[in-house]
$ cat work.pdb   # PDB, C-alpha atoms and all ligand atoms
ATOM      1  CA  MET A 772       0.000   0.000   0.000
ATOM      2  CA  LYS A 773       1.187   3.523  -0.799
ATOM      3  CA  PRO A 774       2.080   5.819   2.126
ATOM      4  CA  ARG A 775      -0.776   8.088   3.178
ATOM      5  CA  ILE A 776      -0.289  11.831   2.973
ATOM      6  CA  LEU A 777      -2.371  14.975   3.505
ATOM      7  CA  VAL A 778      -2.482  18.004   1.215
ATOM      8  CA  SER A 779      -3.839  20.567   3.651
ATOM      9  CA  ARG A 780      -5.170  23.232   1.212
ATOM     10  CA  ALA A 781      -6.612  23.320  -2.293
ATOM     11  CA  VAL A 782      -3.852  23.214  -4.934
ATOM     12  CA  PHE A 783      -3.695  22.783  -8.720
ATOM     13  CA  PRO A 784      -4.961  19.319  -9.864
ATOM     14  CA  GLU A 785      -1.541  18.691 -11.476
ATOM     15  CA  VAL A 786       0.007  18.694  -8.001
ATOM     16  CA  ILE A 787      -2.473  16.144  -6.670
ATOM     17  CA  SER A 788      -1.897  13.939  -9.772
ATOM     18  CA  ARG A 789       1.859  14.041  -9.280
ATOM     19  CA  LEU A 790       1.565  13.123  -5.591
ATOM     20  CA  ALA A 791      -0.963  10.392  -6.379
ATOM     21  CA  GLY A 792       1.771   8.636  -8.387
ATOM     22  CA  HIS A 793       3.658   8.107  -5.116
ATOM     23  CA  PHE A 794       1.135   8.320  -2.291
ATOM     24  CA  GLU A 795      -2.427   7.739  -1.215
ATOM     25  CA  VAL A 796      -3.525  11.362  -1.073
ATOM     26  CA  ASP A 797      -6.070  12.811   1.345
ATOM     27  CA  ASP A 798      -6.652  16.164  -0.346
ATOM     28  CA  ASN A 799      -8.604  19.230   0.740
ATOM     29  CA  GLN A 800      -9.732  20.576  -2.628
ATOM     30  CA  ALA A 801     -12.778  22.081  -0.878
ATOM     31  CA  ASP A 802     -10.194  24.265   0.912
ATOM     32  CA  VAL A 803     -11.723  24.001   4.364
ATOM     33  CA  ILE A 804      -9.418  25.709   6.871
ATOM     34  CA  LEU A 805      -8.378  22.814   9.112
ATOM     35  CA  GLY A 806      -6.809  24.670  12.040
ATOM     36  CA  VAL A 807      -5.214  22.896  14.997
ATOM     37  CA  GLU A 808      -8.097  20.516  15.653
ATOM     38  CA  GLY A 809      -8.682  19.681  11.982
ATOM     39  CA  LEU A 810      -4.988  19.041  11.407
ATOM     40  CA  LYS A 811      -4.828  16.753  14.435
ATOM     41  CA  VAL A 812      -7.652  14.648  12.990
ATOM     42  CA  ARG A 813      -6.423  14.590   9.387
ATOM     43  CA  LEU A 814      -2.757  13.950  10.284
ATOM     44  CA  ALA A 815      -3.461  11.171  12.800
ATOM     45  CA  ASP A 816      -2.855   8.406  10.211
ATOM     46  CA  LYS A 817      -0.477  10.236   7.784
ATOM     47  CA  VAL A 818       3.253   9.832   7.184
ATOM     48  CA  GLY A 819       3.615  13.102   5.313
ATOM     49  CA  ALA A 820       1.907  16.373   4.495
ATOM     50  CA  LEU A 821       2.045  19.230   2.038
ATOM     51  CA  THR A 822       1.142  22.286   4.094
ATOM     52  CA  ALA A 823       0.645  26.022   3.736
ATOM     53  CA  ALA A 824       1.908  28.929   5.818
ATOM     54  CA  THR A 825      -1.665  29.162   7.147
ATOM     55  CA  ASP A 826      -1.451  25.729   8.838
ATOM     56  CA  PRO A 827      -0.471  25.864  12.520
ATOM     57  CA  LEU A 828       1.950  22.934  12.835
ATOM     58  CA  THR A 829       2.244  23.339  16.565
ATOM     59  CA  ALA A 830       3.791  20.905  19.054
ATOM     60  CA  ALA A 831       0.270  19.626  19.839
ATOM     61  CA  VAL A 832      -0.458  18.949  16.156
ATOM     62  CA  ILE A 833       2.867  17.143  15.687
ATOM     63  CA  ALA A 834       2.241  15.106  18.858
ATOM     64  CA  ALA A 835      -1.151  14.022  17.487
ATOM     65  CA  ALA A 836       0.484  12.560  14.359
ATOM     66  CA  PRO A 837       2.546   9.570  15.558
ATOM     67  CA  LYS A 838       3.315   8.238  12.037
ATOM     68  CA  LEU A 839       4.381  11.614  10.609
ATOM     69  CA  LYS A 840       7.837  11.707   8.958
ATOM     70  CA  ALA A 841       7.732  14.937   6.892
ATOM     71  CA  VAL A 842       5.844  18.239   6.625
ATOM     72  CA  CYS A 843       6.582  20.157   3.444
ATOM     73  CA  ASN A 844       5.405  23.762   3.405
ATOM     74  CA  PHE A 845       4.576  25.281   0.033
ATOM     75  CA  ALA A 846       5.913  28.630   1.264
ATOM     76  CA  VAL A 847       9.323  30.102   1.904
ATOM     77  CA  GLY A 848       8.258  31.307   5.361
ATOM     78  CA  TYR A 849       7.903  28.620   8.014
ATOM     79  CA  ASN A 850       6.932  30.474  11.166
ATOM     80  CA  ASN A 851       3.818  28.241  11.168
ATOM     81  CA  ILE A 852       5.986  25.180  11.953
ATOM     82  CA  ASP A 853       7.345  24.354  15.407
ATOM     83  CA  LEU A 854      10.741  23.111  14.194
ATOM     84  CA  ALA A 855      11.888  21.972  17.653
ATOM     85  CA  ALA A 856       8.739  19.859  18.019
ATOM     86  CA  CYS A 857       9.348  18.393  14.543
ATOM     87  CA  SER A 858      12.952  17.498  15.335
ATOM     88  CA  GLY A 859      11.932  16.035  18.703
ATOM     89  CA  ALA A 860       9.372  13.811  16.974
ATOM     90  CA  GLY A 861      11.660  12.814  14.079
ATOM     91  CA  VAL A 862       9.663  14.827  11.548
ATOM     92  CA  MET A 863      11.512  16.492   8.643
ATOM     93  CA  ALA A 864      10.301  20.001   7.790
ATOM     94  CA  THR A 865      10.922  21.756   4.469
ATOM     95  CA  ASN A 866      10.090  25.043   2.687
ATOM     96  CA  THR A 867      10.362  26.401  -0.878
ATOM     97  CA  PRO A 868      13.190  28.949  -1.090
ATOM     98  CA  GLY A 869      14.203  30.449  -4.423
ATOM     99  CA  VAL A 870      11.195  29.744  -6.622
ATOM    100  CA  LEU A 871       9.182  32.763  -5.456
ATOM    101  CA  ASP A 872      11.903  35.442  -5.253
ATOM    102  CA  ASP A 873      11.063  37.220  -8.517
ATOM    103  CA  THR A 874       7.299  37.111  -8.112
ATOM    104  CA  THR A 875       7.459  38.427  -4.546
ATOM    105  CA  ALA A 876       9.964  41.132  -5.536
ATOM    106  CA  ASP A 877       7.573  42.159  -8.318
ATOM    107  CA  LEU A 878       4.757  42.607  -5.799
ATOM    108  CA  ALA A 879       7.024  44.652  -3.507
ATOM    109  CA  TRP A 880       7.618  46.959  -6.468
ATOM    110  CA  ALA A 881       3.920  47.029  -7.367
ATOM    111  CA  LEU A 882       3.060  48.149  -3.831
ATOM    112  CA  LEU A 883       5.953  50.621  -3.795
ATOM    113  CA  MET A 884       4.744  52.236  -7.009
ATOM    114  CA  ALA A 885       1.103  52.099  -5.879
ATOM    115  CA  THR A 886       1.741  53.911  -2.609
ATOM    116  CA  ALA A 887       4.206  56.375  -4.193
ATOM    117  CA  ARG A 888       1.721  57.466  -6.851
ATOM    118  CA  ARG A 889      -1.413  57.000  -4.686
ATOM    119  CA  LEU A 890      -2.967  54.593  -7.183
ATOM    120  CA  PRO A 891      -5.629  52.965  -4.950
ATOM    121  CA  ALA A 892      -7.089  56.273  -3.731
ATOM    122  CA  ALA A 893      -6.924  57.867  -7.194
ATOM    123  CA  GLU A 894      -8.683  54.884  -8.725
ATOM    124  CA  ARG A 895     -11.409  54.904  -6.056
ATOM    125  CA  TRP A 896     -11.925  58.631  -6.752
ATOM    126  CA  LEU A 897     -12.201  58.037 -10.492
ATOM    127  CA  ARG A 898     -14.592  55.103 -10.036
ATOM    128  CA  ASN A 899     -16.739  57.257  -7.737
ATOM    129  CA  GLY A 900     -17.248  59.696 -10.623
ATOM    130  CA  GLU A 901     -15.381  62.496  -8.857
ATOM    131  CA  TRP A 902     -13.044  63.324 -11.753
ATOM    132  CA  LYS A 903     -14.366  66.552 -13.223
ATOM    133  CA  GLY A 904     -11.279  67.409 -15.271
ATOM    134  CA  TRP A 905      -7.505  67.686 -15.390
ATOM    135  CA  GLU A 906      -5.967  69.987 -12.810
ATOM    136  CA  PHE A 907      -2.412  71.169 -12.391
ATOM    137  CA  VAL A 908      -2.358  70.189  -8.718
ATOM    138  CA  GLN A 909      -4.090  66.840  -8.679
ATOM    139  CA  TRP A 910      -3.083  63.612  -6.962
ATOM    140  CA  LEU A 911       0.535  64.712  -6.490
ATOM    141  CA  GLY A 912       2.624  61.690  -5.612
ATOM    142  CA  THR A 913       6.176  60.849  -4.565
ATOM    143  CA  ASP A 914       8.891  60.335  -7.187
ATOM    144  CA  VAL A 915      10.360  56.853  -7.211
ATOM    145  CA  HIS A 916      13.191  57.613  -9.630
ATOM    146  CA  HIS A 917      16.384  58.900  -7.999
ATOM    147  CA  ALA A 918      14.944  58.229  -4.519
ATOM    148  CA  THR A 919      16.650  56.149  -1.823
ATOM    149  CA  LEU A 920      15.441  52.570  -1.551
ATOM    150  CA  GLY A 921      16.066  50.959   1.831
ATOM    151  CA  ILE A 922      15.818  47.222   2.386
ATOM    152  CA  LEU A 923      15.616  45.643   5.818
ATOM    153  CA  GLY A 924      16.560  41.982   5.494
ATOM    154  CA  MET A 925      18.687  41.390   2.434
ATOM    155  CA  GLY A 926      18.256  37.731   1.615
ATOM    156  CA  ARG A 927      17.361  36.413  -1.821
ATOM    157  CA  ILE A 928      14.122  38.403  -2.154
ATOM    158  CA  GLY A 929      15.686  41.600  -0.799
ATOM    159  CA  GLN A 930      18.507  41.281  -3.316
ATOM    160  CA  THR A 931      15.991  40.699  -6.110
ATOM    161  CA  VAL A 932      14.122  43.871  -5.100
ATOM    162  CA  ALA A 933      17.426  45.779  -4.987
ATOM    163  CA  ARG A 934      18.504  44.709  -8.486
ATOM    164  CA  ARG A 935      15.237  46.092  -9.920
ATOM    165  CA  ALA A 936      16.123  49.576  -8.570
ATOM    166  CA  LEU A 937      18.772  50.101 -11.256
ATOM    167  CA  GLY A 938      16.141  51.037 -13.828
ATOM    168  CA  PHE A 939      14.834  53.765 -11.515
ATOM    169  CA  ASP A 940      18.301  55.267 -10.894
ATOM    170  CA  MET A 941      17.833  54.776  -7.176
ATOM    171  CA  LYS A 942      20.363  54.779  -4.389
ATOM    172  CA  VAL A 943      20.052  51.447  -2.544
ATOM    173  CA  ILE A 944      20.916  50.988   1.126
ATOM    174  CA  TYR A 945      20.220  47.943   3.266
ATOM    175  CA  HIS A 946      20.586  46.538   6.727
ATOM    176  CA  LYS A 947      21.054  42.960   7.833
ATOM    177  CA  ARG A 948      23.003  41.600  10.760
ATOM    178  CA  THR A 949      25.857  40.303   8.599
ATOM    179  CA  PRO A 950      26.662  42.504   5.581
ATOM    180  CA  LEU A 951      26.621  40.803   2.181
ATOM    181  CA  ALA A 952      29.842  39.702   0.510
ATOM    182  CA  ALA A 953      31.373  42.549  -1.526
ATOM    183  CA  GLU A 954      30.562  40.955  -4.903
ATOM    184  CA  THR A 955      26.898  40.410  -3.931
ATOM    185  CA  GLU A 956      26.651  44.025  -2.739
ATOM    186  CA  ALA A 957      28.146  45.163  -6.032
ATOM    187  CA  ALA A 958      25.632  43.087  -8.035
ATOM    188  CA  CYS A 959      22.809  44.758  -6.062
ATOM    189  CA  ARG A 960      24.516  48.211  -6.124
ATOM    190  CA  ALA A 961      23.613  48.348  -2.443
ATOM    191  CA  THR A 962      25.432  49.778   0.571
ATOM    192  CA  TRP A 963      25.190  48.380   4.112
ATOM    193  CA  VAL A 964      24.100  50.887   6.772
ATOM    194  CA  ASP A 965      23.100  50.494  10.415
ATOM    195  CA  LYS A 966      19.399  50.156  11.162
ATOM    196  CA  ALA A 967      18.925  53.736  12.428
ATOM    197  CA  THR A 968      20.551  55.157   9.269
ATOM    198  CA  LEU A 969      18.351  52.921   7.135
ATOM    199  CA  LEU A 970      15.237  54.216   8.893
ATOM    200  CA  ARG A 971      16.353  57.859   8.668
ATOM    201  CA  GLU A 972      17.519  57.867   5.043
ATOM    202  CA  SER A 973      15.089  55.603   3.164
ATOM    203  CA  ASP A 974      12.452  57.208   0.959
ATOM    204  CA  PHE A 975      10.998  53.742   0.450
ATOM    205  CA  LEU A 976      11.676  51.121   3.113
ATOM    206  CA  VAL A 977      10.951  47.527   2.075
ATOM    207  CA  LEU A 978      10.791  44.856   4.771
ATOM    208  CA  LEU A 979      12.018  41.445   3.684
ATOM    209  CA  LEU A 980      12.900  39.420   6.709
ATOM    210  CA  PRO A 981      11.369  36.353   8.345
ATOM    211  CA  TYR A 982       8.973  36.574  11.257
ATOM    212  CA  THR A 983      10.648  35.283  14.418
ATOM    213  CA  PRO A 984      10.069  36.147  18.097
ATOM    214  CA  GLU A 985      13.055  38.572  17.846
ATOM    215  CA  ASN A 986      11.491  40.325  14.839
ATOM    216  CA  HIS A 987       8.117  40.843  16.542
ATOM    217  CA  HIS A 988       7.265  44.567  16.219
ATOM    218  CA  LEU A 989      10.742  45.286  14.881
ATOM    219  CA  ILE A 990       9.100  48.320  13.295
ATOM    220  CA  GLY A 991       7.118  50.070  16.026
ATOM    221  CA  ALA A 992       6.433  53.648  17.097
ATOM    222  CA  ALA A 993      10.102  54.426  17.862
ATOM    223  CA  GLU A 994      11.332  53.143  14.482
ATOM    224  CA  LEU A 995       8.539  54.873  12.556
ATOM    225  CA  ALA A 996       9.427  58.127  14.332
ATOM    226  CA  LEU A 997      12.922  57.925  12.831
ATOM    227  CA  MET A 998      11.549  57.762   9.284
ATOM    228  CA  LYS A 999      11.072  60.805   7.064
ATOM    229  CA  PRO A1000       7.490  62.151   6.966
ATOM    230  CA  THR A1001       7.794  61.860   3.170
ATOM    231  CA  ALA A1002       8.750  58.158   3.331
ATOM    232  CA  HIS A1003       6.760  55.021   2.455
ATOM    233  CA  LEU A1004       6.884  51.613   4.154
ATOM    234  CA  ILE A1005       6.384  48.402   2.168
ATOM    235  CA  ASN A1006       5.807  45.047   3.881
ATOM    236  CA  VAL A1007       5.616  41.868   1.800
ATOM    237  CA  ALA A1008       7.279  39.727   4.477
ATOM    238  CA  ARG A1009       5.042  38.814   7.434
ATOM    239  CA  GLY A1010       2.488  40.426   9.688
ATOM    240  CA  GLY A1011       3.793  41.001  13.196
ATOM    241  CA  ILE A1012       7.122  42.462  12.048
ATOM    242  CA  VAL A1013       5.317  45.814  12.051
ATOM    243  CA  ASP A1014       3.253  47.099  14.968
ATOM    244  CA  ASP A1015       0.127  47.778  12.883
ATOM    245  CA  GLU A1016      -1.451  50.071  15.505
ATOM    246  CA  ALA A1017       1.677  52.268  15.534
ATOM    247  CA  LEU A1018       1.781  52.270  11.719
ATOM    248  CA  ILE A1019      -1.864  53.329  11.460
ATOM    249  CA  SER A1020      -1.244  56.139  13.912
ATOM    250  CA  ALA A1021       1.827  57.378  11.959
ATOM    251  CA  LEU A1022      -0.085  57.229   8.651
ATOM    252  CA  ARG A1023      -3.154  58.921  10.109
ATOM    253  CA  GLN A1024      -1.072  61.797  11.447
ATOM    254  CA  ARG A1025       0.949  61.991   8.217
ATOM    255  CA  ARG A1026       4.147  61.364  10.189
ATOM    256  CA  LEU A1027       4.674  58.805   7.421
ATOM    257  CA  CYS A1028       3.558  59.529   3.852
ATOM    258  CA  GLY A1029       2.259  56.113   2.836
ATOM    259  CA  ALA A1030       2.459  52.339   3.052
ATOM    260  CA  GLY A1031       2.105  49.369   0.733
ATOM    261  CA  LEU A1032       1.104  46.256   2.641
ATOM    262  CA  ASP A1033       0.559  42.630   1.678
ATOM    263  CA  VAL A1034       0.691  41.177   5.206
ATOM    264  CA  TYR A1035      -0.946  42.060   8.516
ATOM    265  CA  GLU A1036      -1.047  41.127  12.173
ATOM    266  CA  GLY A1037      -3.728  38.480  12.756
ATOM    267  CA  GLU A1038      -4.404  37.634   9.082
ATOM    268  CA  PRO A1039      -6.886  37.174   7.531
ATOM    269  CA  LYS A1040      -8.437  39.597  10.015
ATOM    270  CA  PHE A1041      -6.605  42.880  10.145
ATOM    271  CA  ASN A1042      -6.778  46.205  11.909
ATOM    272  CA  PRO A1043      -9.832  48.021  10.463
ATOM    273  CA  GLY A1044      -7.946  51.306  10.976
ATOM    274  CA  PHE A1045      -6.191  50.607   7.645
ATOM    275  CA  LEU A1046      -9.511  50.898   5.813
ATOM    276  CA  GLU A1047      -9.976  54.472   6.989
ATOM    277  CA  LEU A1048      -6.683  55.600   5.464
ATOM    278  CA  ASP A1049      -6.307  56.919   1.917
ATOM    279  CA  ASN A1050      -2.510  56.688   1.993
ATOM    280  CA  VAL A1051      -2.191  52.895   1.933
ATOM    281  CA  ALA A1052      -2.133  50.291  -0.843
ATOM    282  CA  LEU A1053      -3.462  47.003   0.540
ATOM    283  CA  THR A1054      -3.284  43.496  -0.935
ATOM    284  CA  PRO A1055      -4.355  40.176   0.650
ATOM    285  CA  HIS A1056      -1.040  38.255   1.097
ATOM    286  CA  ILE A1057      -0.500  37.586  -2.614
ATOM    287  CA  GLY A1058       3.282  38.073  -2.783
ATOM    288  CA  SER A1059       3.948  34.780  -4.573
ATOM    289  CA  SER A1060       0.623  34.596  -6.367
ATOM    290  CA  SER A1061       1.197  33.960 -10.033
ATOM    291  CA  ARG A1062       0.110  30.649 -11.513
ATOM    292  CA  ALA A1063       3.659  29.738 -12.550
ATOM    293  CA  THR A1064       5.138  30.530  -9.147
ATOM    294  CA  ARG A1065       2.399  28.854  -7.118
ATOM    295  CA  MET A1066       2.872  25.780  -9.340
ATOM    296  CA  ALA A1067       6.643  25.879  -8.762
ATOM    297  CA  MET A1068       6.123  26.208  -5.002
ATOM    298  CA  ALA A1069       3.731  23.261  -4.816
ATOM    299  CA  MET A1070       5.939  21.108  -7.045
ATOM    300  CA  THR A1071       9.009  22.006  -4.947
ATOM    301  CA  ALA A1072       7.114  20.961  -1.832
ATOM    302  CA  ALA A1073       6.112  17.732  -3.622
ATOM    303  CA  ASP A1074       9.786  17.076  -4.554
ATOM    304  CA  ASN A1075      10.706  17.515  -0.898
ATOM    305  CA  LEU A1076       7.965  15.145   0.271
ATOM    306  CA  ILE A1077       8.829  12.486  -2.306
ATOM    307  CA  ALA A1078      12.515  12.665  -1.332
ATOM    308  CA  ALA A1079      11.794  12.631   2.409
ATOM    309  CA  LEU A1080       9.497   9.609   2.209
ATOM    310  CA  SER A1081      11.827   7.630  -0.035
ATOM    311  CA  GLY A1082      14.748   7.725   2.368
ATOM    312  CA  GLN A1083      16.578  10.673   0.786
ATOM    313  CA  ARG A1084      17.512  14.009   2.311
ATOM    314  CA  PRO A1085      14.911  16.502   1.051
ATOM    315  CA  PRO A1086      16.557  19.397  -0.833
ATOM    316  CA  ASN A1087      15.086  22.117   1.407
ATOM    317  CA  LEU A1088      15.405  20.508   4.820
ATOM    318  CA  LEU A1089      14.923  23.107   7.603
ATOM    319  CA  ASN A1090      15.823  20.940  10.602
ATOM    320  CA  PRO A1091      18.895  18.872   9.643
ATOM    321  CA  ASP A1092      19.281  17.922  13.333
ATOM    322  CA  VAL A1093      16.388  15.526  12.742
ATOM    323  CA  LEU A1094      18.763  13.283  10.775
ATOM    324  CA  ALA A1095      21.344  13.108  13.597
TER
HETATM  325  C1  LIG B   1       4.434  33.290   1.654
HETATM  326  O1  LIG B   1       4.085  34.093   2.448
HETATM  327  C2  LIG B   1       5.596  32.476   1.806
HETATM  328  O2  LIG B   1       6.209  32.473   2.877
HETATM  329  O3  LIG B   1       5.936  31.773   0.859
END
$ encode --input "work.pdb" --output "structure tokens"
Amino acid sequence: MKPRILVSRAVFPEVISRLAGHFEVDDNQADVILGVEGLKVRLADKVGALTAATDPLTAAVIAAAPKLKAVCNFAVGYNNIDLAACSGAGVMATNTPGVLDDTTADLAWALLMATARRLPAAERWLRNGEWKGWEFVQWLGTDVHHATLGILGMGRIGQTVARRALGFDMKVIYHKRTPLAAETEAACRATWVDKATLLRESDFLVLLLPYTPENHHLIGAAELALMKPTAHLINVARGGIVDDEALISALRQRRLCGAGLDVYEGEPKFNPGFLELDNVALTPHIGSSSRATRMAMAMTAADNLIAALSGQRPPNLLNPDVLA
């Protein structure tokens, strides 16, 4: 009999077909959100799972799945997985780095441009029939070209965002704990600065770092106060890195010019204060959402699961200590 696996969310049929060649698949094409209790039930008899960043793979969930050998997230972020619990239970955990860098960088730029040029509010105004004619002073925005782009967290996606700045003749500065190697910096035309300098000098600050307990509210009232009142904040990383209440207050008081946000604290619920602001561009966590990229993510997760359950080391293993 084939090993039994769970696919926790609805995915493209091609992904299910591929997995069905190796496993007996319990799918969730109805896309019911399983949550802790649902995952406990559905994982009780499974040896593997393809999971999303929305699935809480807590210690309790892992403990309720005694046969489990591998959980393969179709996401680059893995703050939904308790890695220590996985390692303790002999469960391999994997993610999908690399395949979504370009698509996520594209969305960071889309939000940057949208907030700079006030596209959502201008479009709402036009749709509401309020456009009575061209005016000299109308919907003035912020120039992107020749501005300073700041990137906090300069991993693969941050570097991909930075490389796109060349076409806009931007100055690029970044902060991460360990500066990049000189040749990588040169390829990104980016200069390392300390965090306070990054906050003070960026015209557009893009957050691209993982959510960890240390990064909780990394951008709060004190950090926002360091930013220029003409600056824009873009978050395509994870909710919780920004203190949303503090951000709303800064945007409301125009201590910050604008924000482009794809992620929020407490998703899919989010602070309703954002809806009252006309200086935000808001998208519903769609950073990696193109058909090609979502397919690549799911197939990468499938590769990891197939490797893990056939006695090989999965290519994107997050907890190598599990093999010790
Ligand atoms: C999406 O948020 C991801 O982590 O891939």
$ atom_distance --input "work.pdb" --atom1 "atom CA of Asn986 of chain A" --atom2 "atom CA of Pro827 of chain A"
18.9 Å
$ closest_residue --input "work.pdb" --among "A:Ser1059, A:Ser1020, A:Thr968, A:Asn851" --to "ligand LIG 1 (chain B)" --atoms "all atoms listed in the file"
A:Ser1059
$ axis_aligned_box --input "work.pdb" --around "segment 1000-1007 of chain A" --padding-each-side "5 Å" --output "AutoDock Vina command-line options"
--center_x 7.2 --center_y 52.0 --center_z 4.4 --size_x 13.1 --size_y 30.3 --size_z 15.2
$ residues_around --input "work.pdb" --residues "Asn1050 of chain A" --least-positions-apart "5" --cutoff "10 Å" --atoms "only C-alpha atoms" --output "list of chain:residue names"
A:Ala885, A:Thr886, A:Ala887, A:Arg888, A:Arg889, A:Leu890, A:Pro891, A:Ala892, A:His1003, A:Leu1022, A:Arg1023, A:Arg1025, A:Leu1027, A:Cys1028, A:Gly1029, A:Ala1030, A:Gly1031, A:Phe1045
$ write_last_selection --input "work.pdb" --atoms "C-alpha atoms" --output "mmCIF file, keeping the file's coordinate frame"
data_model
loop_
_atom_site.group_PDB
_atom_site.id
_atom_site.type_symbol
_atom_site.label_atom_id
_atom_site.label_comp_id
_atom_site.auth_asym_id
_atom_site.auth_seq_id
_atom_site.Cartn_x
_atom_site.Cartn_y
_atom_site.Cartn_z
ATOM 1 C CA ALA A 885 1.103 52.099 -5.879
ATOM 2 C CA THR A 886 1.741 53.911 -2.609
ATOM 3 C CA ALA A 887 4.206 56.375 -4.193
ATOM 4 C CA ARG A 888 1.721 57.466 -6.851
ATOM 5 C CA ARG A 889 -1.413 57.000 -4.686
ATOM 6 C CA LEU A 890 -2.967 54.593 -7.183
ATOM 7 C CA PRO A 891 -5.629 52.965 -4.950
ATOM 8 C CA ALA A 892 -7.089 56.273 -3.731
ATOM 9 C CA HIS A 1003 6.760 55.021 2.455
ATOM 10 C CA LEU A 1022 -0.085 57.229 8.651
ATOM 11 C CA ARG A 1023 -3.154 58.921 10.109
ATOM 12 C CA ARG A 1025 0.949 61.991 8.217
ATOM 13 C CA LEU A 1027 4.674 58.805 7.421
ATOM 14 C CA CYS A 1028 3.558 59.529 3.852
ATOM 15 C CA GLY A 1029 2.259 56.113 2.836
ATOM 16 C CA ALA A 1030 2.459 52.339 3.052
ATOM 17 C CA GLY A 1031 2.105 49.369 0.733
ATOM 18 C CA PHE A 1045 -6.191 50.607 7.645
#
$ residues_around --input "work.pdb" --residues "Pro984 of chain A" --least-positions-apart "5" --cutoff "10 Å" --atoms "only C-alpha atoms" --output "list in words"
Asn850, Leu989, Gly1011 and Ile1012 of chain A
